[in-house]
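Asks: Supplied structure: start07.txt, compact mmCIF, C-alpha atoms and all ligand atoms.
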# COMPACT_ATOMS: atom_id res chain seq x y z
CA MET A 1285 89.68 155.31 156.64
CA ARG A 1286 92.53 153.84 154.68
CA ILE A 1287 94.79 153.95 157.74
CA CYS A 1288 92.13 152.19 159.71
CA SER A 1289 91.87 149.35 157.13
CA ALA A 1290 95.60 148.99 157.10
CA LEU A 1291 95.60 148.72 160.87
CA VAL A 1292 92.89 146.05 160.75
CA ALA A 1293 94.94 144.14 158.17
CA LEU A 1294 98.04 144.43 160.34
CA VAL A 1295 96.15 143.22 163.40
CA LEU A 1296 94.78 140.27 161.42
CA LEU A 1297 98.22 139.45 160.11
CA ALA A 1298 99.67 139.56 163.62
CA ALA A 1299 96.86 137.33 164.88
CA CYS A 1300 97.55 134.80 162.13
CA GLY A 1301 101.25 134.83 162.87
CA ALA A 1302 100.60 134.22 166.54
CA ALA A 1303 98.22 131.33 165.92
CA PRO A 1304 99.56 127.91 166.99
CA GLU A 1305 100.95 125.80 164.20
CA THR A 1306 98.88 122.86 163.05
CA THR A 1307 99.91 119.61 164.72
CA ALA A 1308 99.38 116.06 163.55
CA GLY A 1309 97.14 115.10 166.45
CA PRO A 1310 95.56 116.47 169.58
CA GLU A 1311 98.73 115.88 171.61
CA SER A 1312 102.24 117.13 171.39
CA THR A 1313 104.84 114.72 170.20
CA TYR A 1314 107.64 113.77 172.56
CA SER A 1315 110.73 111.78 171.88
CA ALA A 1316 111.47 108.66 173.88
CA LEU A 1317 114.50 106.42 174.09
CA ILE A 1318 114.38 102.83 175.33
CA VAL A 1319 117.68 101.51 176.69
CA ASP A 1320 118.24 97.76 176.66
CA GLY A 1321 120.77 95.12 175.60
CA GLN A 1322 121.38 92.99 178.67
CA SER A 1323 118.95 91.38 181.10
CA ASN A 1324 118.35 88.32 183.19
CA HIS A 1325 115.09 88.15 181.20
CA ARG A 1326 115.84 86.56 177.84
CA ILE A 1327 112.68 88.05 176.36
CA TRP A 1328 114.08 91.59 176.59
CA PRO A 1329 114.15 92.17 172.80
CA THR A 1330 110.43 91.39 172.68
CA THR A 1331 109.51 93.43 175.76
CA SER A 1332 111.39 96.41 174.30
CA GLN A 1333 109.21 96.12 171.21
CA TYR A 1334 106.11 95.91 173.40
CA LEU A 1335 107.15 99.04 175.32
CA LYS A 1336 107.97 100.87 172.07
CA GLY A 1337 104.55 99.99 170.65
CA TYR A 1338 102.74 101.07 173.82
CA LEU A 1339 104.40 104.49 173.72
CA GLU A 1340 103.78 104.95 170.00
CA GLU A 1341 100.10 104.05 170.18
CA THR A 1342 99.46 106.97 172.57
CA GLY A 1343 100.16 109.24 169.61
CA MET A 1344 102.43 111.29 171.85
CA PHE A 1345 105.78 109.61 171.41
CA THR A 1346 108.33 108.83 168.77
CA VAL A 1347 110.57 106.05 170.04
CA ASP A 1348 114.16 104.97 169.45
CA ILE A 1349 116.00 102.05 171.05
CA GLU A 1350 119.68 102.08 172.03
CA THR A 1351 121.01 98.57 172.67
CA THR A 1352 124.27 97.85 174.50
CA PRO A 1353 126.75 95.25 173.29
CA PRO A 1354 126.07 91.81 174.81
CA ALA A 1355 127.34 90.86 178.27
CA GLY A 1356 131.06 90.17 178.29
CA GLU A 1357 131.85 92.68 175.55
CA SER A 1358 133.16 96.18 176.14
CA LEU A 1359 130.49 98.82 176.72
CA GLU A 1360 132.90 101.70 176.15
CA SER A 1361 131.16 102.66 172.90
CA TYR A 1362 127.74 102.81 174.52
CA ARG A 1363 126.84 106.48 174.88
CA PRO A 1364 123.22 107.23 173.95
CA PRO A 1365 122.45 110.93 173.34
CA PHE A 1366 120.03 111.15 176.28
CA SER A 1367 119.79 114.93 176.03
CA ASN A 1368 118.16 114.62 172.58
CA TYR A 1369 115.12 113.01 174.22
CA ASP A 1370 112.26 113.94 176.51
CA LEU A 1371 111.95 110.49 178.07
CA VAL A 1372 114.23 107.52 178.75
CA VAL A 1373 112.67 104.13 179.49
CA SER A 1374 114.93 101.44 180.93
CA ASN A 1375 114.49 97.80 180.02
CA TYR A 1376 118.13 97.21 180.98
CA ASN A 1377 119.57 95.01 183.70
CA GLY A 1378 123.22 94.34 182.96
CA GLU A 1379 126.80 95.41 183.34
CA PRO A 1380 127.58 98.96 184.43
CA TRP A 1381 127.61 101.60 181.73
CA PRO A 1382 130.79 103.60 181.13
CA GLU A 1383 131.42 106.49 183.53
CA ALA A 1384 130.72 109.11 180.84
CA THR A 1385 127.36 107.48 180.01
CA MET A 1386 126.40 107.40 183.67
CA ALA A 1387 127.33 111.08 183.98
CA ASP A 1388 125.24 111.91 180.89
CA PHE A 1389 122.25 110.08 182.35
CA GLU A 1390 122.56 111.84 185.72
CA ALA A 1391 122.72 115.18 183.90
CA PHE A 1392 119.68 114.22 181.78
CA VAL A 1393 117.39 113.25 184.66
CA GLY A 1394 118.83 115.80 187.08
CA GLY A 1395 118.24 118.53 184.52
CA GLY A 1396 114.55 117.71 184.22
CA GLY A 1397 114.49 114.67 181.93
CA ALA A 1398 111.81 112.04 182.35
CA PHE A 1399 112.68 108.45 183.27
CA VAL A 1400 110.58 105.28 183.47
CA SER A 1401 111.99 102.15 185.15
CA VAL A 1402 110.29 98.88 184.15
CA HIS A 1403 110.51 95.67 186.19
CA ALA A 1404 114.14 94.39 186.31
CA ALA A 1405 115.53 97.83 185.47
CA ASN A 1406 115.34 98.23 189.25
CA ASN A 1407 117.80 95.35 189.60
CA ALA A 1408 120.45 97.22 187.67
CA PHE A 1409 123.39 99.29 188.88
CA PRO A 1410 123.33 98.41 192.60
CA GLU A 1411 126.46 100.47 193.27
CA TRP A 1412 125.44 103.57 191.27
CA THR A 1413 124.31 106.02 193.96
CA ALA A 1414 122.43 108.43 191.69
CA TYR A 1415 120.63 105.59 189.90
CA ASN A 1416 119.41 104.20 193.22
CA GLU A 1417 118.17 107.69 194.08
CA MET A 1418 116.27 107.80 190.79
CA ILE A 1419 114.55 104.42 191.19
CA GLY A 1420 114.00 105.00 194.92
CA ILE A 1421 114.12 101.31 195.78
CA GLY A 1422 115.55 98.33 193.95
CA GLY A 1423 116.38 94.67 194.34
CA TRP A 1424 119.05 92.01 193.91
CA GLY A 1425 122.65 92.84 193.02
CA ASP A 1426 123.56 92.14 196.67
CA ARG A 1427 121.39 95.01 197.84
CA THR A 1428 121.13 95.09 201.63
CA GLU A 1429 120.47 97.58 204.43
CA ARG A 1430 123.61 99.31 203.16
CA HIS A 1431 121.49 100.52 200.23
CA GLY A 1432 118.67 101.92 202.36
CA PRO A 1433 115.42 100.95 204.05
CA TYR A 1434 112.43 98.92 203.01
CA VAL A 1435 109.27 100.95 202.37
CA ARG A 1436 106.46 99.59 204.55
CA LEU A 1437 102.80 100.43 204.95
CA ARG A 1438 102.06 100.98 208.65
CA ASP A 1439 98.78 102.45 209.90
CA GLY A 1440 97.97 103.89 206.51
CA GLU A 1441 101.35 105.59 206.09
CA PHE A 1442 104.42 104.56 204.13
CA VAL A 1443 107.42 104.45 206.44
CA HIS A 1444 111.07 103.49 206.19
CA ASP A 1445 112.04 100.20 207.80
CA ASN A 1446 115.77 99.87 208.42
CA THR A 1447 115.64 96.22 209.48
CA PRO A 1448 118.77 94.52 208.10
CA GLY A 1449 118.20 92.01 205.33
CA ILE A 1450 118.18 91.28 201.65
CA GLY A 1451 116.93 93.72 199.06
CA GLY A 1452 114.73 92.10 196.44
CA SER A 1453 112.88 88.82 196.18
CA HIS A 1454 109.64 87.42 194.86
CA GLY A 1455 107.43 84.43 195.51
CA ILE A 1456 105.61 82.17 193.10
CA ARG A 1457 104.29 83.88 190.00
CA HIS A 1458 100.54 84.39 190.09
CA GLU A 1459 97.73 86.77 189.24
CA PHE A 1460 97.30 89.33 192.01
CA PRO A 1461 95.25 92.41 192.86
CA ILE A 1462 96.82 95.86 192.69
CA ASP A 1463 95.60 98.37 195.29
CA ILE A 1464 95.71 102.05 194.40
CA ARG A 1465 97.05 104.06 197.35
CA ASP A 1466 96.72 107.53 195.85
CA SER A 1467 93.75 107.90 193.52
CA GLY A 1468 94.31 111.65 193.29
CA HIS A 1469 97.57 111.40 191.35
CA PRO A 1470 97.38 112.04 187.58
CA ILE A 1471 98.70 108.53 186.81
CA THR A 1472 96.13 106.70 188.93
CA ARG A 1473 93.17 109.10 188.72
CA GLY A 1474 90.11 107.26 187.47
CA LEU A 1475 91.56 103.77 187.84
CA PRO A 1476 89.60 101.19 189.84
CA GLU A 1477 90.68 101.20 193.49
CA THR A 1478 91.64 97.54 193.10
CA TRP A 1479 92.32 95.71 189.86
CA MET A 1480 93.56 92.27 188.93
CA HIS A 1481 96.99 92.05 187.32
CA ALA A 1482 97.96 89.19 184.99
CA ASN A 1483 100.39 86.47 186.05
CA ASP A 1484 103.59 88.17 187.19
CA GLU A 1485 106.37 88.27 189.74
CA LEU A 1486 105.33 90.26 192.78
CA TYR A 1487 108.59 91.97 193.73
CA ASP A 1488 109.08 92.22 197.48
CA ARG A 1489 111.60 93.56 199.98
CA LEU A 1490 112.98 96.18 197.59
CA ARG A 1491 115.23 98.66 199.33
CA GLY A 1492 117.05 101.86 198.55
CA PRO A 1493 117.37 105.49 199.58
CA ALA A 1494 113.58 105.92 199.08
CA GLN A 1495 113.92 109.71 199.13
CA ASN A 1496 111.26 111.81 197.38
CA LEU A 1497 109.40 108.56 196.69
CA HIS A 1498 105.63 108.42 196.46
CA VAL A 1499 103.84 105.07 196.40
CA LEU A 1500 100.87 105.07 194.03
CA ALA A 1501 99.92 101.39 194.28
CA THR A 1502 100.78 98.28 196.24
CA ALA A 1503 100.08 94.57 196.04
CA PHE A 1504 99.71 92.29 199.03
CA SER A 1505 102.46 89.68 199.01
CA ARG A 1506 100.76 86.60 200.41
CA VAL A 1507 102.74 84.21 202.56
CA ASP A 1508 101.05 81.25 200.84
CA THR A 1509 102.61 82.37 197.55
CA GLU A 1510 106.00 82.51 199.32
CA GLY A 1511 105.69 86.26 199.81
CA THR A 1512 106.28 88.57 202.74
CA GLY A 1513 102.85 89.20 204.19
CA GLU A 1514 103.38 92.89 203.38
CA HIS A 1515 101.77 95.40 201.04
CA GLU A 1516 104.66 95.79 198.59
CA PRO A 1517 105.15 98.99 196.57
CA ILE A 1518 104.33 98.31 192.90
CA LEU A 1519 103.83 101.69 191.19
CA MET A 1520 105.83 104.68 192.39
CA THR A 1521 106.91 108.15 191.45
CA ILE A 1522 110.24 109.60 192.46
CA SER A 1523 111.73 113.03 191.95
CA TYR A 1524 115.45 113.34 191.36
CA LYS A 1525 116.63 116.95 191.25
CA LYS A 1526 114.50 118.45 188.43
CA GLY A 1527 113.56 115.07 186.91
CA ARG A 1528 110.36 113.07 187.27
CA ILE A 1529 110.53 109.27 187.45
CA PHE A 1530 107.80 106.65 187.14
CA HIS A 1531 108.74 103.22 188.49
CA THR A 1532 106.71 100.07 187.82
CA THR A 1533 107.90 96.78 189.26
CA LEU A 1534 105.50 94.88 186.98
CA GLY A 1535 106.31 93.19 183.68
CA HIS A 1536 108.27 89.96 184.16
CA ALA A 1537 106.80 87.91 181.33
CA LEU A 1538 105.10 88.67 178.04
CA VAL A 1539 101.70 87.91 179.54
CA SER A 1540 102.46 90.38 182.36
CA GLN A 1541 103.27 93.07 179.81
CA ARG A 1542 100.10 92.32 177.84
CA CYS A 1543 97.98 93.06 180.94
CA LYS A 1544 95.82 96.04 180.10
CA GLY A 1545 96.56 97.41 183.55
CA PHE A 1546 100.31 97.20 182.98
CA ILE A 1547 99.93 98.89 179.60
CA ALA A 1548 97.71 101.77 180.74
CA THR A 1549 99.78 102.53 183.84
CA PHE A 1550 102.99 102.43 181.78
CA GLN A 1551 101.54 104.80 179.17
CA ARG A 1552 100.15 107.15 181.82
CA GLY A 1553 103.38 107.02 183.82
CA ALA A 1554 105.40 107.90 180.73
CA GLU A 1555 103.21 110.90 179.94
CA TRP A 1556 103.31 112.10 183.54
CA ALA A 1557 107.08 111.76 183.71
CA VAL A 1558 107.39 114.07 180.70
CA THR A 1559 104.65 116.62 181.42
CA GLY A 1560 103.52 116.23 185.03
CA GLU A 1561 99.99 115.63 183.76
CA VAL A 1562 98.01 112.79 182.18
CA THR A 1563 95.59 113.46 179.34
CA GLN A 1564 94.99 109.84 178.33
CA PRO A 1565 91.56 108.48 179.23
CA VAL A 1566 91.36 105.29 181.29
CA PRO A 1567 90.60 102.48 178.82
CA GLU A 1568 87.05 101.15 179.06
CA ASP A 1569 88.38 97.59 179.15
CA PHE A 1570 90.74 98.24 182.09
CA PRO A 1571 90.95 95.21 184.43
CA THR A 1572 88.44 95.05 187.26
CA ALA A 1573 88.67 93.94 190.88
CA THR A 1574 87.77 90.41 189.85
CA GLU A 1575 88.87 90.08 186.21
CA VAL A 1576 92.32 89.99 184.66
CA ARG A 1577 92.27 91.55 181.20
CA THR A 1578 95.11 91.03 178.77
CA ARG A 1579 95.67 91.73 175.12
CA PRO A 1580 96.03 88.76 172.79
CA GLU A 1581 99.51 87.72 171.75
CA PRO A 1582 100.54 89.80 168.71
CA ALA A 1583 100.39 87.86 165.45
ZN ZN A 1601 111.30 89.10 186.35
Using the file provided, produce a representation of the structure as structure tokens.
Replies:
Amino acid sequence: MRICSALVALVLLAACGAAPETTAGPESTYSALIVDGQSNHRIWPTTSQYLKGYLEETGMFTVDIETTPPAGESLESYRPPFSNYDLVVSNYNGEPWPEATMADFEAFVGGGGAFVSVHAANNAFPEWTAYNEMIGIGGWGDRTERHGPYVRLRDGEFVHDNTPGIGGSHGIRHEFPIDIRDSGHPITRGLPETWMHANDELYDRLRGPAQNLHVLATAFSRVDTEGTGEHEPILMTISYKKGRIFHTTLGHALVSQRCKGFIATFQRGAEWAVTGEVTQPVPEDFPTATEVRTRPEPA
């Protein structure tokens, strides 16, 4: 009898020991790093704060920012500890990082790290082969057919178009509809098939290696807004070795980054890049097919 009680106590003790530790919230906490410091967008310090806030409000992320020295100064000291993080978000479009930093970043993403590229981050590093593989397609920086094909929607399929020409352009800024092309993906599941995005640049004619690239959403680039007459890739996932990448071309101006569609897809893309799943519900006030919905300017 006594032995039996002792056994019960031991089993209970073992069960307690094996129980999961209490966590602060329903989600795990991941660590994210935003890289910034140079950009053709002067508002980058503010957009970095926006992106930081959007990650933090999910309750899933703690966020640090690593800022490069300004353009024209040596970047030799810039070596963020990527491997200490689960996710790197780039808000950077500037001079090349030092070789060692580039190697660290390749090792981070290649080893299974998560990466999110926002707007002009896909303008950066035109001559960095691995970076172009991570973003799939990019623009400007004298990108041409040398960098890879365009990605074009033809008969319901995304195909590579090797037509020579520039990589990266945009027409007049305007509000435009986003069309979901894969509603079964964790990032886009539950989103309206079409939703209106706030005033933004509609990037067109991006090109790159486009390997292991999956287009989640497009926007039609109208000729009357000085666009291409093509359905341009807007939200994408890319795999690079063991790493998952979410790429959004949206987010030129503050109003673009206050679009509730930009925010939700960024938050969902960040979670997916880290875990391969999305647990965040679609916000009830997500934009609709006819209505742009933005957050007010922060006080
Ligand atoms: Zn822009």
Asks: Select from chain A every residue with an atom at most 10 Å from any atom of ligand ZN 1601 (chain A), then for each give the shortest pair of atoms and their distance in Å to one decimal, using only C-alpha atoms and all ligand atoms, rows by chain and rising number, as CSV.
Replies:
residue,atom,partner,partner_atom,distance
A:Ser1323,CA,A:ZN1601,ZN,9.6
A:Asn1324,CA,A:ZN1601,ZN,7.8
A:His1325,CA,A:ZN1601,ZN,6.5
A:Arg1326,CA,A:ZN1601,ZN,10.0
A:His1403,CA,A:ZN1601,ZN,6.6
A:Ala1404,CA,A:ZN1601,ZN,6.0
A:Ala1405,CA,A:ZN1601,ZN,9.7
A:Asn1407,CA,A:ZN1601,ZN,9.6
A:Ser1453,CA,A:ZN1601,ZN,10.0
A:His1454,CA,A:ZN1601,ZN,8.8
A:Arg1457,CA,A:ZN1601,ZN,9.5
A:Asp1484,CA,A:ZN1601,ZN,7.8
A:Glu1485,CA,A:ZN1601,ZN,6.0
A:Leu1486,CA,A:ZN1601,ZN,8.9
A:Tyr1487,CA,A:ZN1601,ZN,8.4
A:Thr1533,CA,A:ZN1601,ZN,8.9
A:Leu1534,CA,A:ZN1601,ZN,8.2
A:Gly1535,CA,A:ZN1601,ZN,7.0
A:His1536,CA,A:ZN1601,ZN,3.8
A:Ala1537,CA,A:ZN1601,ZN,6.8
A:Ser1540,CA,A:ZN1601,ZN,9.8
Asks: For Ser1332 (chain A), which residue among A:Leu1538, A:Gly1440, A:Asp1463, A:Glu1417 is the nearest when counting all atoms listed in the file?
Replies: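 Of A:Leu1538, A:Gly1440, A:Asp1463, A:Glu1417, the one nearest Ser1332 (chain A) is A:Leu1538, counting all atoms listed in the file.
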Asks: Which distance in Å separates CA of Gly1395 (chain A) and CA of Lys1525 (chain A), to one decimal?
Replies: 7.1 Å
Asks: Which residue out of A:Glu1568, A:Ile1456, A:Thr1330, A:Lys1544 has the minimum interatomic distance to Pro1580 (chain A) when all atoms listed in the file are used?
Replies: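 Checking each candidate against Pro1580 (chain A), we get A:Lys1544 as the closest.
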Asks: Select, counting only C-alpha atoms, all protein, DNA and RNA residues no farther than 12 Å from (109.8, 101.4, 181.6) in file coordinates, and express the selection as a PyMOL selection string.
Replies: chain A and resi 1316-1320+1328+1331-1336+1338-1339+1371-1377+1398-1406+1419+1519-1520+1529-1536+1541+1546-1547+1549-1555+1557
Asks: For Thr1478 (chain A), which residue among A:Gly1492, A:Gly1451, A:Pro1571, A:Pro1382 is the nearest when counting all atoms listed in the file?
Replies: A:Pro1571
Asks: When you look at Tyr1362 (chain A) with a cut-off of 8 Å (counting only C-alpha atoms), what residues show up, excluding the ones that are within fewer than 4 positions of it in the same chain? I need them as a list in words.
Replies: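 My reading of the contact set: Thr1352, Pro1353, Trp1381, Pro1382 and Thr1385 of chain A.
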Asks: I'd like the neighbourhood of Gly1513 (chain A) as JSON, numbers by chain, where a residue qualifies if any of its atoms comes within 12 Å (using all atoms listed in the file), though same-chain residues fewer than 3 positions away should be ignored.
Replies: {"A": [1436, 1437, 1454, 1455, 1486, 1488, 1489, 1503, 1504, 1505, 1506, 1507, 1508, 1509, 1510, 1516]}
Asks: Restricted to C-alpha atoms, what would the selected residues look like written as a PDB file, in the coordinates of the input?
Replies:
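As written to disk, again.pdb reads:
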ATOM      1  CA  ARG A1436     106.460  99.590 204.550  1.00  0.00           C
ATOM      2  CA  LEU A1437     102.800 100.430 204.950  1.00  0.00           C
ATOM      3  CA  HIS A1454     109.640  87.420 194.860  1.00  0.00           C
ATOM      4  CA  GLY A1455     107.430  84.430 195.510  1.00  0.00           C
ATOM      5  CA  LEU A1486     105.330  90.260 192.780  1.00  0.00           C
ATOM      6  CA  ASP A1488     109.080  92.220 197.480  1.00  0.00           C
ATOM      7  CA  ARG A1489     111.600  93.560 199.980  1.00  0.00           C
ATOM      8  CA  ALA A1503     100.080  94.570 196.040  1.00  0.00           C
ATOM      9  CA  PHE A1504      99.710  92.290 199.030  1.00  0.00           C
ATOM     10  CA  SER A1505     102.460  89.680 199.010  1.00  0.00           C
ATOM     11  CA  ARG A1506     100.760  86.600 200.410  1.00  0.00           C
ATOM     12  CA  VAL A1507     102.740  84.210 202.560  1.00  0.00           C
ATOM     13  CA  ASP A1508     101.050  81.250 200.840  1.00  0.00           C
ATOM     14  CA  THR A1509     102.610  82.370 197.550  1.00  0.00           C
ATOM     15  CA  GLU A1510     106.000  82.510 199.320  1.00  0.00           C
ATOM     16  CA  GLU A1516     104.660  95.790 198.590  1.00  0.00           C
TER      17      GLU A1516
END
Asks: Pick out the closest residue to Glu1441 (chain A) from this set: A:Met1386, A:Val1499, A:Phe1392, A:Pro1329. Count only C-alpha atoms.
Replies: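 Between A:Met1386, A:Val1499, A:Phe1392, A:Pro1329, the residue approaching Glu1441 (chain A) most closely is A:Val1499.
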Asks: Can you tell me which residues surround Gly1420 (chain A) at a distance of at most 10 Å, considering only C-alpha atoms, apart from same-chain residues fewer than 6 positions away, and format the answer as a list of chain:residue names?
Replies: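 Non-adjacent residues within range: A:Asn1406, A:Ala1414, A:Gly1432, A:Val1435, A:Leu1490, A:Arg1491, A:Gly1492, A:Pro1493, A:Ala1494, A:Gln1495, A:Asn1496, A:Leu1497, A:His1498, A:Met1520, A:Thr1521, A:Ile1522, A:Ser1523, A:Tyr1524, A:Ile1529, A:His1531.
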Asks: List every protein, DNA or RNA residue with an atom no more than 8 Å from (120.9, 115.6, 176.2) in the file's coordinates, counting all atoms listed in the file, and format the result as a PyMOL selection string.
Replies: chain A and resi 1365-1369+1388+1391-1392
Asks: Under the rule that all atoms listed in the file are counted, which of A:Pro1517, A:Leu1500, A:Arg1438, A:Trp1424 is the nearest residue to Asp1466 (chain A)?
Replies: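 Answer, going by the shortest atom-to-atom distance: A:Leu1500.
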Asks: For CA of Ser1315 (chain A) and CA of Ile1471 (chain A), determine how far apart the two atoms are, in Å to one decimal place.
Replies: 19.4 Å
Asks: Fix up region 1453-1470 of chain A with N, CA, C and O atoms, then write it as an mmCIF file, in the coordinates of the input.
Replies:
data_model
loop_
_atom_site.group_PDB
_atom_site.id
_atom_site.type_symbol
_atom_site.label_atom_id
_atom_site.label_comp_id
_atom_site.auth_asym_id
_atom_site.auth_seq_id
_atom_site.Cartn_x
_atom_site.Cartn_y
_atom_site.Cartn_z
ATOM 1 N N SER A 1453 113.263 90.231 196.241
ATOM 2 C CA SER A 1453 112.880 88.820 196.180
ATOM 3 C C SER A 1453 111.499 88.775 195.540
ATOM 4 O O SER A 1453 110.885 89.812 195.294
ATOM 5 N N HIS A 1454 111.047 87.571 195.247
ATOM 6 C CA HIS A 1454 109.640 87.420 194.860
ATOM 7 C C HIS A 1454 109.242 85.978 195.109
ATOM 8 O O HIS A 1454 110.075 85.073 195.110
ATOM 9 N N GLY A 1455 107.947 85.777 195.300
ATOM 10 C CA GLY A 1455 107.430 84.430 195.510
ATOM 11 C C GLY A 1455 107.053 83.785 194.188
ATOM 12 O O GLY A 1455 107.621 84.102 193.136
ATOM 13 N N ILE A 1456 106.092 82.888 194.285
ATOM 14 C CA ILE A 1456 105.610 82.170 193.100
ATOM 15 C C ILE A 1456 104.816 83.135 192.223
ATOM 16 O O ILE A 1456 104.043 83.940 192.713
ATOM 17 N N ARG A 1457 105.041 83.017 190.919
ATOM 18 C CA ARG A 1457 104.290 83.880 190.000
ATOM 19 C C ARG A 1457 102.813 83.552 190.049
ATOM 20 O O ARG A 1457 102.435 82.397 190.072
ATOM 21 N N HIS A 1458 101.989 84.588 190.055
ATOM 22 C CA HIS A 1458 100.540 84.390 190.090
ATOM 23 C C HIS A 1458 99.845 85.671 189.666
ATOM 24 O O HIS A 1458 100.485 86.720 189.519
ATOM 25 N N GLU A 1459 98.535 85.564 189.487
ATOM 26 C CA GLU A 1459 97.730 86.770 189.240
ATOM 27 C C GLU A 1459 97.445 87.391 190.602
ATOM 28 O O GLU A 1459 97.152 86.679 191.560
ATOM 29 N N PHE A 1460 97.542 88.701 190.700
ATOM 30 C CA PHE A 1460 97.300 89.330 192.010
ATOM 31 C C PHE A 1460 96.642 90.695 191.855
ATOM 32 O O PHE A 1460 96.814 91.373 190.835
ATOM 33 N N PRO A 1461 95.891 91.095 192.911
ATOM 34 C CA PRO A 1461 95.250 92.410 192.860
ATOM 35 C C PRO A 1461 96.232 93.537 193.170
ATOM 36 O O PRO A 1461 97.116 93.381 194.014
ATOM 37 N N ILE A 1462 96.060 94.642 192.449
ATOM 38 C CA ILE A 1462 96.820 95.860 192.690
ATOM 39 C C ILE A 1462 95.900 96.837 193.418
ATOM 40 O O ILE A 1462 94.764 97.056 192.974
ATOM 41 N N ASP A 1463 96.387 97.412 194.501
ATOM 42 C CA ASP A 1463 95.600 98.370 195.290
ATOM 43 C C ASP A 1463 96.151 99.777 195.091
ATOM 44 O O ASP A 1463 97.319 100.043 195.417
ATOM 45 N N ILE A 1464 95.295 100.650 194.574
ATOM 46 C CA ILE A 1464 95.710 102.050 194.400
ATOM 47 C C ILE A 1464 95.771 102.711 195.776
ATOM 48 O O ILE A 1464 94.840 102.602 196.576
ATOM 49 N N ARG A 1465 96.858 103.393 196.053
ATOM 50 C CA ARG A 1465 97.050 104.060 197.350
ATOM 51 C C ARG A 1465 96.909 105.557 197.258
ATOM 52 O O ARG A 1465 96.845 106.240 198.278
ATOM 53 N N ASP A 1466 96.951 106.097 196.042
ATOM 54 C CA ASP A 1466 96.720 107.530 195.850
ATOM 55 C C ASP A 1466 95.919 107.699 194.568
ATOM 56 O O ASP A 1466 96.484 107.724 193.475
ATOM 57 N N SER A 1467 94.613 107.799 194.713
ATOM 58 C CA SER A 1467 93.750 107.900 193.520
ATOM 59 C C SER A 1467 93.653 109.343 193.036
ATOM 60 O O SER A 1467 92.978 109.611 192.042
ATOM 61 N N GLY A 1468 94.339 110.255 193.711
ATOM 62 C CA GLY A 1468 94.310 111.650 193.290
ATOM 63 C C GLY A 1468 95.462 112.018 192.373
ATOM 64 O O GLY A 1468 95.516 113.127 191.840
ATOM 65 N N HIS A 1469 96.407 111.102 192.198
ATOM 66 C CA HIS A 1469 97.570 111.400 191.350
ATOM 67 C C HIS A 1469 97.170 111.293 189.876
ATOM 68 O O HIS A 1469 96.350 110.442 189.522
ATOM 69 N N PRO A 1470 97.758 112.123 189.006
ATOM 70 C CA PRO A 1470 97.380 112.040 187.580
ATOM 71 C C PRO A 1470 97.509 110.640 186.991
ATOM 72 O O PRO A 1470 96.687 110.249 186.155
#
